[in-house]
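Structure file protein-v5.cif with mmCIF, C-alpha atoms and all ligand atoms:
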data_final
loop_
_atom_site.label_atom_id
_atom_site.label_comp_id
_atom_site.auth_asym_id
_atom_site.auth_seq_id
_atom_site.Cartn_x
_atom_site.Cartn_y
_atom_site.Cartn_z
CA MET A 1 6.96 16.17 -100.99
CA ARG A 2 4.46 18.61 -99.49
CA ILE A 3 1.68 16.72 -97.74
CA ALA A 4 -1.43 18.06 -96.01
CA LEU A 5 -3.35 15.87 -93.56
CA LEU A 6 -6.84 16.94 -92.54
CA GLY A 7 -8.50 15.16 -89.60
CA LEU A 8 -6.55 14.32 -86.44
CA GLY A 9 -8.86 11.86 -84.70
CA SER A 10 -7.99 8.37 -83.43
CA MET A 11 -6.50 7.44 -86.81
CA GLY A 12 -5.37 10.79 -88.19
CA ALA A 13 -3.29 11.76 -85.13
CA PRO A 14 -0.92 8.75 -85.22
CA MET A 15 -0.72 9.01 -89.03
CA ALA A 16 0.27 12.67 -88.68
CA ALA A 17 2.94 11.76 -86.12
CA ASN A 18 4.48 9.31 -88.63
CA LEU A 19 4.34 11.88 -91.44
CA ALA A 20 5.93 14.50 -89.17
CA ARG A 21 8.84 12.10 -88.55
CA SER A 22 9.29 11.49 -92.30
CA ASP A 23 11.24 13.60 -94.80
CA HIS A 24 8.04 15.21 -96.13
CA ASP A 25 6.84 18.76 -95.34
CA LEU A 26 3.62 18.37 -93.37
CA THR A 27 0.73 20.78 -92.93
CA VAL A 28 -2.23 19.73 -90.78
CA TRP A 29 -5.75 20.99 -90.16
CA ASN A 30 -8.33 19.78 -87.66
CA ARG A 31 -11.79 21.16 -86.80
CA THR A 32 -10.80 21.19 -83.13
CA ARG A 33 -7.58 23.16 -83.46
CA SER A 34 -6.04 22.12 -80.13
CA LYS A 35 -5.37 18.62 -81.55
CA ALA A 36 -3.35 20.18 -84.39
CA ASP A 37 -1.43 22.49 -82.07
CA ALA A 38 -0.40 19.47 -79.98
CA LEU A 39 1.47 17.94 -82.93
CA ASP A 40 5.23 18.52 -83.27
CA GLY A 41 6.88 18.92 -86.66
CA ALA A 42 3.91 20.20 -88.67
CA VAL A 43 2.59 23.57 -89.82
CA VAL A 44 -0.99 24.18 -88.61
CA ALA A 45 -3.35 25.67 -91.21
CA GLY A 46 -6.34 27.87 -90.38
CA SER A 47 -8.72 26.26 -92.90
CA PRO A 48 -8.94 23.22 -95.18
CA ALA A 49 -8.30 25.45 -98.22
CA GLU A 50 -5.19 26.93 -96.62
CA ALA A 51 -3.88 23.44 -95.76
CA ALA A 52 -4.48 22.22 -99.32
CA ALA A 53 -3.10 25.31 -101.07
CA SER A 54 0.58 24.37 -100.83
CA ALA A 55 0.23 20.59 -101.02
CA ASP A 56 1.20 18.06 -103.67
CA VAL A 57 -0.91 15.46 -101.86
CA VAL A 58 -3.88 16.11 -99.57
CA LEU A 59 -4.89 13.28 -97.22
CA THR A 60 -8.24 13.41 -95.43
CA MET A 61 -8.93 11.16 -92.42
CA LEU A 62 -12.37 12.38 -91.29
CA SER A 63 -15.21 10.50 -89.66
CA ASP A 64 -17.91 10.06 -92.34
CA ASP A 65 -19.63 11.40 -95.49
CA ALA A 66 -20.92 14.53 -93.75
CA ALA A 67 -17.45 15.45 -92.46
CA VAL A 68 -15.78 14.85 -95.84
CA GLU A 69 -18.47 16.88 -97.63
CA ALA A 70 -18.03 19.79 -95.20
CA VAL A 71 -14.23 19.80 -95.47
CA VAL A 72 -14.00 19.27 -99.25
CA PHE A 73 -16.99 21.15 -100.68
CA GLY A 74 -17.31 23.91 -98.03
CA GLY A 75 -16.59 27.59 -98.80
CA ASP A 76 -12.93 27.40 -97.69
CA GLY A 77 -12.70 23.72 -98.49
CA VAL A 78 -10.12 21.44 -100.07
CA LEU A 79 -11.62 21.66 -103.56
CA ALA A 80 -11.30 25.45 -103.64
CA GLY A 81 -7.77 25.44 -102.20
CA MET A 82 -5.98 22.58 -103.97
CA PRO A 83 -3.67 23.46 -106.87
CA ARG A 84 -4.39 21.98 -110.31
CA GLY A 85 -2.58 18.66 -110.71
CA ALA A 86 -2.42 17.98 -106.95
CA ALA A 87 -3.94 14.74 -105.64
CA HIS A 88 -6.50 14.18 -102.88
CA ALA A 89 -6.49 10.77 -101.19
CA SER A 90 -9.64 10.28 -99.11
CA MET A 91 -8.63 7.74 -96.45
CA SER A 92 -11.89 7.76 -94.47
CA THR A 93 -14.45 5.00 -94.88
CA ILE A 94 -17.16 6.73 -96.93
CA SER A 95 -20.03 5.75 -99.22
CA PRO A 96 -19.41 4.70 -102.84
CA ALA A 97 -21.69 7.55 -104.00
CA LEU A 98 -19.57 10.18 -102.27
CA SER A 99 -16.38 8.63 -103.63
CA ARG A 100 -17.79 8.93 -107.17
CA ARG A 101 -18.81 12.55 -106.50
CA LEU A 102 -15.32 13.39 -105.22
CA GLY A 103 -13.74 11.83 -108.30
CA ALA A 104 -15.92 13.91 -110.63
CA ALA A 105 -15.47 17.16 -108.69
CA HIS A 106 -11.67 16.91 -108.59
CA ARG A 107 -11.58 16.04 -112.30
CA ASP A 108 -13.68 19.15 -113.04
CA HIS A 109 -11.14 21.25 -111.09
CA GLY A 110 -8.12 19.78 -112.90
CA GLN A 111 -7.12 17.89 -109.74
CA ARG A 112 -6.61 14.17 -109.10
CA TYR A 113 -8.52 11.90 -106.71
CA VAL A 114 -7.72 8.56 -105.08
CA ALA A 115 -10.10 6.61 -102.87
CA ALA A 116 -7.75 5.27 -100.19
CA PRO A 117 -9.52 3.79 -97.16
CA VAL A 118 -7.41 1.76 -94.74
CA PHE A 119 -7.48 -1.48 -92.78
CA GLY A 120 -5.89 -1.39 -89.31
CA ARG A 121 -6.77 0.20 -85.99
CA PRO A 122 -5.07 3.15 -84.20
CA ASP A 123 -2.33 0.89 -82.76
CA ALA A 124 -1.43 -0.22 -86.31
CA ALA A 125 -1.56 3.42 -87.46
CA ALA A 126 0.90 4.38 -84.72
CA LYS A 127 3.35 1.74 -85.99
CA GLY A 128 2.90 2.70 -89.67
CA LEU A 129 1.36 -0.72 -90.29
CA LEU A 130 -1.93 0.19 -91.99
CA TRP A 131 -3.00 -1.36 -95.29
CA VAL A 132 -4.20 1.16 -97.85
CA VAL A 133 -6.81 -0.02 -100.37
CA ALA A 134 -6.57 2.41 -103.29
CA SER A 135 -8.54 3.03 -106.46
CA GLY A 136 -8.26 5.73 -109.09
CA ALA A 137 -6.15 6.59 -112.12
CA PRO A 138 -2.71 4.91 -111.95
CA ASP A 139 -0.88 8.28 -112.15
CA ALA A 140 -2.94 9.61 -109.23
CA ILE A 141 -2.17 6.52 -107.12
CA ASP A 142 1.53 6.85 -107.99
CA ALA A 143 1.45 10.51 -106.91
CA CYS A 144 0.24 9.42 -103.44
CA ARG A 145 2.56 6.42 -102.96
CA ALA A 146 5.25 8.23 -100.97
CA ALA A 147 2.60 9.57 -98.59
CA PHE A 148 1.04 6.10 -98.22
CA ASP A 149 4.48 4.58 -97.55
CA ALA A 150 4.91 6.89 -94.56
CA VAL A 151 1.74 5.61 -92.86
CA ALA A 152 1.19 2.09 -94.17
CA GLN A 153 2.91 -1.25 -94.73
CA GLY A 154 1.42 -1.64 -98.20
CA VAL A 155 -1.01 -0.50 -100.87
CA ILE A 156 -3.58 -2.80 -102.50
CA VAL A 157 -4.92 -1.42 -105.78
CA ALA A 158 -8.61 -2.30 -106.11
CA GLY A 159 -9.19 -0.78 -109.57
CA SER A 160 -9.41 2.49 -111.46
CA GLU A 161 -12.94 3.59 -110.46
CA PRO A 162 -13.25 5.84 -107.40
CA GLU A 163 -15.84 3.68 -105.64
CA GLN A 164 -13.99 0.36 -105.99
CA ALA A 165 -11.62 0.82 -103.03
CA THR A 166 -14.55 2.14 -101.02
CA VAL A 167 -16.62 -0.96 -101.71
CA MET A 168 -13.66 -3.26 -100.95
CA LYS A 169 -13.20 -1.55 -97.58
CA LEU A 170 -16.92 -1.77 -96.78
CA ALA A 171 -17.01 -5.46 -97.74
CA GLY A 172 -14.05 -6.08 -95.41
CA ASN A 173 -15.68 -4.24 -92.52
CA PHE A 174 -18.90 -6.19 -93.12
CA MET A 175 -16.88 -9.41 -92.69
CA LEU A 176 -15.28 -8.04 -89.51
CA ALA A 177 -18.66 -7.04 -88.05
CA SER A 178 -20.10 -10.44 -88.94
CA ALA A 179 -17.22 -12.16 -87.12
CA ILE A 180 -17.65 -9.91 -84.08
CA GLU A 181 -21.41 -10.58 -83.94
CA ALA A 182 -20.81 -14.34 -84.26
CA MET A 183 -18.28 -14.20 -81.41
CA ALA A 184 -20.66 -12.05 -79.33
CA GLU A 185 -23.45 -14.63 -79.61
CA ALA A 186 -21.14 -17.63 -79.07
CA TYR A 187 -19.48 -16.18 -75.95
CA ALA A 188 -22.93 -15.36 -74.48
CA LEU A 189 -24.05 -18.93 -75.22
CA VAL A 190 -21.12 -20.63 -73.50
CA ARG A 191 -21.47 -18.39 -70.45
CA ARG A 192 -25.17 -19.30 -70.12
CA HIS A 193 -24.12 -22.95 -70.07
CA GLY A 194 -21.57 -22.38 -67.35
CA ILE A 195 -18.56 -22.96 -69.61
CA ASP A 196 -15.36 -21.05 -68.84
CA SER A 197 -15.34 -18.29 -71.47
CA ALA A 198 -11.53 -17.95 -71.22
CA LEU A 199 -11.17 -21.64 -72.11
CA PHE A 200 -13.58 -21.17 -75.03
CA HIS A 201 -11.64 -18.12 -76.25
CA GLU A 202 -8.31 -19.93 -75.99
CA THR A 203 -9.71 -22.93 -77.90
CA MET A 204 -11.20 -20.86 -80.73
CA ALA A 205 -8.45 -18.25 -81.12
CA SER A 206 -5.48 -20.58 -80.89
CA ARG A 207 -6.90 -23.63 -82.71
CA LEU A 208 -9.94 -23.26 -85.00
CA PHE A 209 -9.83 -19.55 -85.95
CA ARG A 210 -6.17 -18.59 -85.78
CA SER A 211 -6.22 -14.91 -86.81
CA PRO A 212 -5.65 -11.56 -85.09
CA ILE A 213 -9.35 -10.81 -85.62
CA TYR A 214 -10.56 -13.73 -83.49
CA GLU A 215 -7.70 -13.35 -81.04
CA ASN A 216 -8.11 -9.60 -80.44
CA TYR A 217 -11.89 -9.09 -80.76
CA GLY A 218 -12.57 -12.42 -79.00
CA GLY A 219 -10.25 -11.32 -76.20
CA MET A 220 -12.10 -8.02 -75.84
CA ILE A 221 -15.48 -9.78 -75.71
CA GLU A 222 -14.19 -12.42 -73.27
CA ALA A 223 -12.79 -9.74 -70.96
CA GLY A 224 -15.76 -7.36 -71.40
CA ARG A 225 -13.22 -4.68 -72.35
CA PHE A 226 -14.85 -2.21 -74.76
CA GLU A 227 -13.31 1.09 -73.66
CA PRO A 228 -11.41 3.04 -74.75
CA ALA A 229 -12.72 2.55 -78.28
CA GLY A 230 -10.16 1.87 -81.01
CA PHE A 231 -12.95 1.91 -83.58
CA ALA A 232 -16.12 3.54 -82.25
CA LEU A 233 -19.33 1.50 -82.58
CA THR A 234 -21.08 4.50 -84.20
CA HIS A 235 -18.47 4.40 -86.98
CA GLY A 236 -19.17 0.67 -87.39
CA LEU A 237 -22.88 1.39 -87.77
CA LYS A 238 -22.06 4.07 -90.36
CA ASP A 239 -20.04 1.51 -92.34
CA ILE A 240 -22.83 -1.08 -92.30
CA ARG A 241 -25.30 1.59 -93.47
CA TYR A 242 -22.96 2.45 -96.38
CA THR A 243 -22.60 -1.29 -97.08
CA LEU A 244 -26.37 -1.63 -97.36
CA ARG A 245 -26.46 1.30 -99.79
CA ALA A 246 -23.75 -0.38 -101.90
CA SER A 247 -25.74 -3.63 -101.81
CA ASP A 248 -28.88 -1.78 -102.99
CA GLU A 249 -26.97 -0.09 -105.83
CA ALA A 250 -25.70 -3.42 -107.15
CA ASP A 251 -28.76 -5.64 -106.44
CA ALA A 252 -26.46 -7.78 -104.27
CA PRO A 253 -28.55 -8.92 -101.29
CA MET A 254 -26.79 -8.86 -97.91
CA PRO A 255 -29.24 -10.19 -95.33
CA PHE A 256 -26.55 -10.40 -92.63
CA ALA A 257 -25.84 -6.68 -93.10
CA GLY A 258 -29.44 -5.93 -92.12
CA VAL A 259 -29.02 -7.95 -88.92
CA LEU A 260 -25.75 -6.16 -88.13
CA ARG A 261 -27.39 -2.75 -88.64
CA ASP A 262 -30.07 -3.68 -86.11
CA ARG A 263 -27.59 -5.08 -83.56
CA LEU A 264 -25.39 -1.97 -83.82
CA THR A 265 -28.45 0.29 -83.64
CA SER A 266 -29.53 -1.56 -80.49
CA ALA A 267 -26.12 -0.85 -78.95
CA VAL A 268 -26.39 2.86 -79.82
CA ALA A 269 -29.92 3.01 -78.33
CA ARG A 270 -28.54 1.51 -75.10
CA GLY A 271 -25.93 4.29 -74.90
CA TRP A 272 -22.92 2.25 -76.05
CA GLY A 273 -22.19 4.11 -79.32
CA ALA A 274 -18.88 5.55 -78.10
CA SER A 275 -17.60 2.11 -77.05
CA ASP A 276 -15.53 -0.05 -79.38
CA TRP A 277 -17.66 -1.98 -81.86
CA ALA A 278 -16.62 -5.15 -80.01
CA ALA A 279 -19.40 -3.98 -77.63
CA LEU A 280 -21.67 -6.09 -79.83
CA GLY A 281 -20.52 -8.57 -77.16
CA ARG A 282 -22.29 -6.50 -74.52
CA VAL A 283 -25.51 -6.51 -76.58
CA ALA A 284 -25.50 -10.31 -76.93
CA ALA A 285 -24.67 -10.77 -73.24
CA ALA A 286 -27.42 -8.36 -72.14
CA ASP A 287 -29.96 -10.08 -74.40
CA ALA A 288 -29.01 -13.36 -72.73
CA GLY A 289 -29.76 -11.90 -69.31
CA GLY A 290 -26.12 -11.33 -68.41
CA ASP A 291 -23.83 -8.37 -68.09
CA VAL A 292 -20.39 -8.06 -69.62
CA GLY A 293 -18.18 -5.16 -68.66
CA SER A 294 -19.27 -1.73 -67.58
CA SER A 295 -20.54 0.93 -69.97
N1 LIG A 301 -10.52 3.86 -85.73
C1 LIG A 301 -10.29 2.81 -86.50
O1 LIG A 301 -9.93 1.72 -86.02
C2 LIG A 301 -10.45 2.93 -88.01
C3 LIG A 301 -9.86 1.95 -88.82
C4 LIG A 301 -9.99 2.05 -90.20
C5 LIG A 301 -10.74 3.08 -90.75
N2 LIG A 301 -11.33 4.02 -89.94
C6 LIG A 301 -12.08 5.11 -90.58
O2 LIG A 301 -11.25 6.26 -90.54
C7 LIG A 301 -12.04 7.45 -90.36
C8 LIG A 301 -11.59 8.19 -89.11
O3 LIG A 301 -11.79 7.34 -87.99
P1 LIG A 301 -11.33 7.76 -86.52
O4 LIG A 301 -11.47 6.53 -85.68
O5 LIG A 301 -10.03 8.49 -86.58
O6 LIG A 301 -12.49 8.80 -86.16
P2 LIG A 301 -12.54 9.89 -84.97
O7 LIG A 301 -11.54 9.56 -83.91
O8 LIG A 301 -13.97 9.99 -84.60
O9 LIG A 301 -12.05 11.24 -85.68
C9 LIG A 301 -12.89 11.88 -86.61
C10 LIG A 301 -12.20 13.08 -87.22
O10 LIG A 301 -13.14 13.73 -88.11
C11 LIG A 301 -13.28 15.09 -87.71
N3 LIG A 301 -14.65 15.56 -88.02
C12 LIG A 301 -15.81 14.96 -87.68
N4 LIG A 301 -16.86 15.66 -88.17
C13 LIG A 301 -16.34 16.74 -88.81
C14 LIG A 301 -16.91 17.82 -89.52
N5 LIG A 301 -18.24 17.96 -89.69
N6 LIG A 301 -16.08 18.74 -90.05
C15 LIG A 301 -14.73 18.62 -89.90
N7 LIG A 301 -14.13 17.61 -89.25
C16 LIG A 301 -14.93 16.67 -88.71
C17 LIG A 301 -12.95 15.13 -86.24
O11 LIG A 301 -12.62 16.44 -85.84
P3 LIG A 301 -12.67 16.89 -84.29
O12 LIG A 301 -11.35 16.48 -83.70
O13 LIG A 301 -12.87 18.34 -84.34
O14 LIG A 301 -13.84 16.16 -83.65
C18 LIG A 301 -11.76 14.15 -86.21
O15 LIG A 301 -10.59 14.78 -86.67
C19 LIG A 301 -13.51 6.96 -90.32
O16 LIG A 301 -14.07 7.05 -91.60
C20 LIG A 301 -13.37 5.51 -89.88
O17 LIG A 301 -14.47 4.73 -90.32
C21 LIG A 301 -11.17 3.98 -88.59
#
Can you present the structure in this file as structure tokens?
Ligand SMILES: NC(=O)c1ccc[n+]([C@@H]2O[C@H](COP(=O)([O-])OP(=O)(O)OC[C@H]3O[C@@H](n4cnc5c(N)ncnc54)[C@H](OP(=O)(O)O)[C@@H]3O)[C@@H](O)[C@H]2O)c1
Amino acid sequence: MRIALLGLGSMGAPMAANLARSDHDLTVWNRTRSKADALDGAVVAGSPAEAAASADVVLTMLSDDAAVEAVVFGGDGVLAGMPRGAAHASMSTISPALSRRLGAAHRDHGQRYVAAPVFGRPDAAAKGLLWVVASGAPDAIDACRAAFDAVAQGVIVAGSEPEQATVMKLAGNFMLASAIEAMAEAYALVRRHGIDSALFHETMASRLFRSPIYENYGGMIEAGRFEPAGFALTHGLKDIRYTLRASDEADAPMPFAGVLRDRLTSAVARGWGASDWAALGRVAAADAGGDVGSS
């Protein structure tokens, strides 16, 4: 199968490496070309349209709505370049409104669209262990399955509407951010009371909350280790903003999401936007008069 992957950031680069090792023919494009040139086993295209022109499946792994809009709808964008019948799987975390717009635009061009955001950080991407959450027409999802298999351990089908996978991904990230904020506040509390934070972490992660989320994010907060970012805090803020838009659209109140937006915004204002979003731990510690890790 001929696959194009556009976007070689923290997630796209390891995904591209896995695709390059597979039996598929891979073409890549990245705004900063040097990242594409550094990849072995792939053809480097000069524009999104050129990358999409010879592809059966186009994967995009770009930062946010603005990036996806530029790469898809731009003059030499994916929409203009993709053959009729080819499928575009947008794997970024984007807004439900943009996912709907992509679905309609590809349909108007005789192309297929799958919303396909992922769970898993760059280390999981490197091992091909992402989870894809997909929504779209069943034939479009089937057309992308071989490409998903090369980068992920499984595909969860959320429904047939373009925004459904997007909303499922946002809801999941809202739960992750809520857990991180809860840990951030709890670890700051125990420190203020002179309790050994390593003991607290061990007790929570190995007994009450046995899950990689509490183990890994709790460990980062306990150690004050927020760099290098696996998932940049600015991307986390973007996701909570999209979550709030989805909540508005559906009249589904999410008061915690408003708190998370403010906590993440506070971190950005303090200059910690490029840190991992576990740096919510640094915000809680600083608010409690302490200091966790260096920025
Ligand atoms: N990191 C994670 O743990 C994780 C996990 C699950 C989902 N996600 C989601 O996956 C997506 C990618 O995340 P990431 O961590 O890989 O982000 P990243 O490291 O910041 O990479 C962003 C990519 O988007 C490109 N880009 C940004 N603005 C652009 C524009 N205006 N035009 C063209 N290209 C543009 C960048 O190109 P340049 O190289 O030129 O800057 C880069 O290839 C995001 O939607 C994120 O929310 C991330």
Shell of 6 Å around ligand LIG 301 (chain A) (all atoms listed in the file), written as number ranges by chain: A: 7-12, 30-32, 61-64, 66-67, 70-71, 92-93, 118-122, 230-231, 235
Between CA of Leu233 in chain A and CA of Asp276 in chain A, what is the spacing in Å?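 Between CA of Asp276 in chain A and CA of Leu233 in chain A the gap is 5.2 Å.
Taking CA of Ala285 in chain A and CA of Ile221 in chain A as the two end points, the separation is 9.6 Å.
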Give the answer as one residue: which of A:Lys169, A:Ala125, A:Ala177, A:Ser54 has the shortest atom-to-atom distance to Gln153 in chain A, using all atoms listed in the file? A:Ala125
Work out how far apart CA of Gly75 in chain A and CA of Leu5 in chain A are and give it in Å to one decimal.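 Computing the Euclidean distance for CA of Gly75 in chain A and CA of Leu5 in chain A yields 18.4 Å.
Nearest residue to Ala17 in chain A, choosing from A:Asp142, A:Ala126, A:Val57, A:Tyr217 and counting only C-alpha atoms: A:Ala126.
With only C-alpha atoms as the atoms that count, the minimum distance from Ala51 in chain A to the choices A:Arg21, A:His88, A:Arg210, A:His201 is reached by A:His88.
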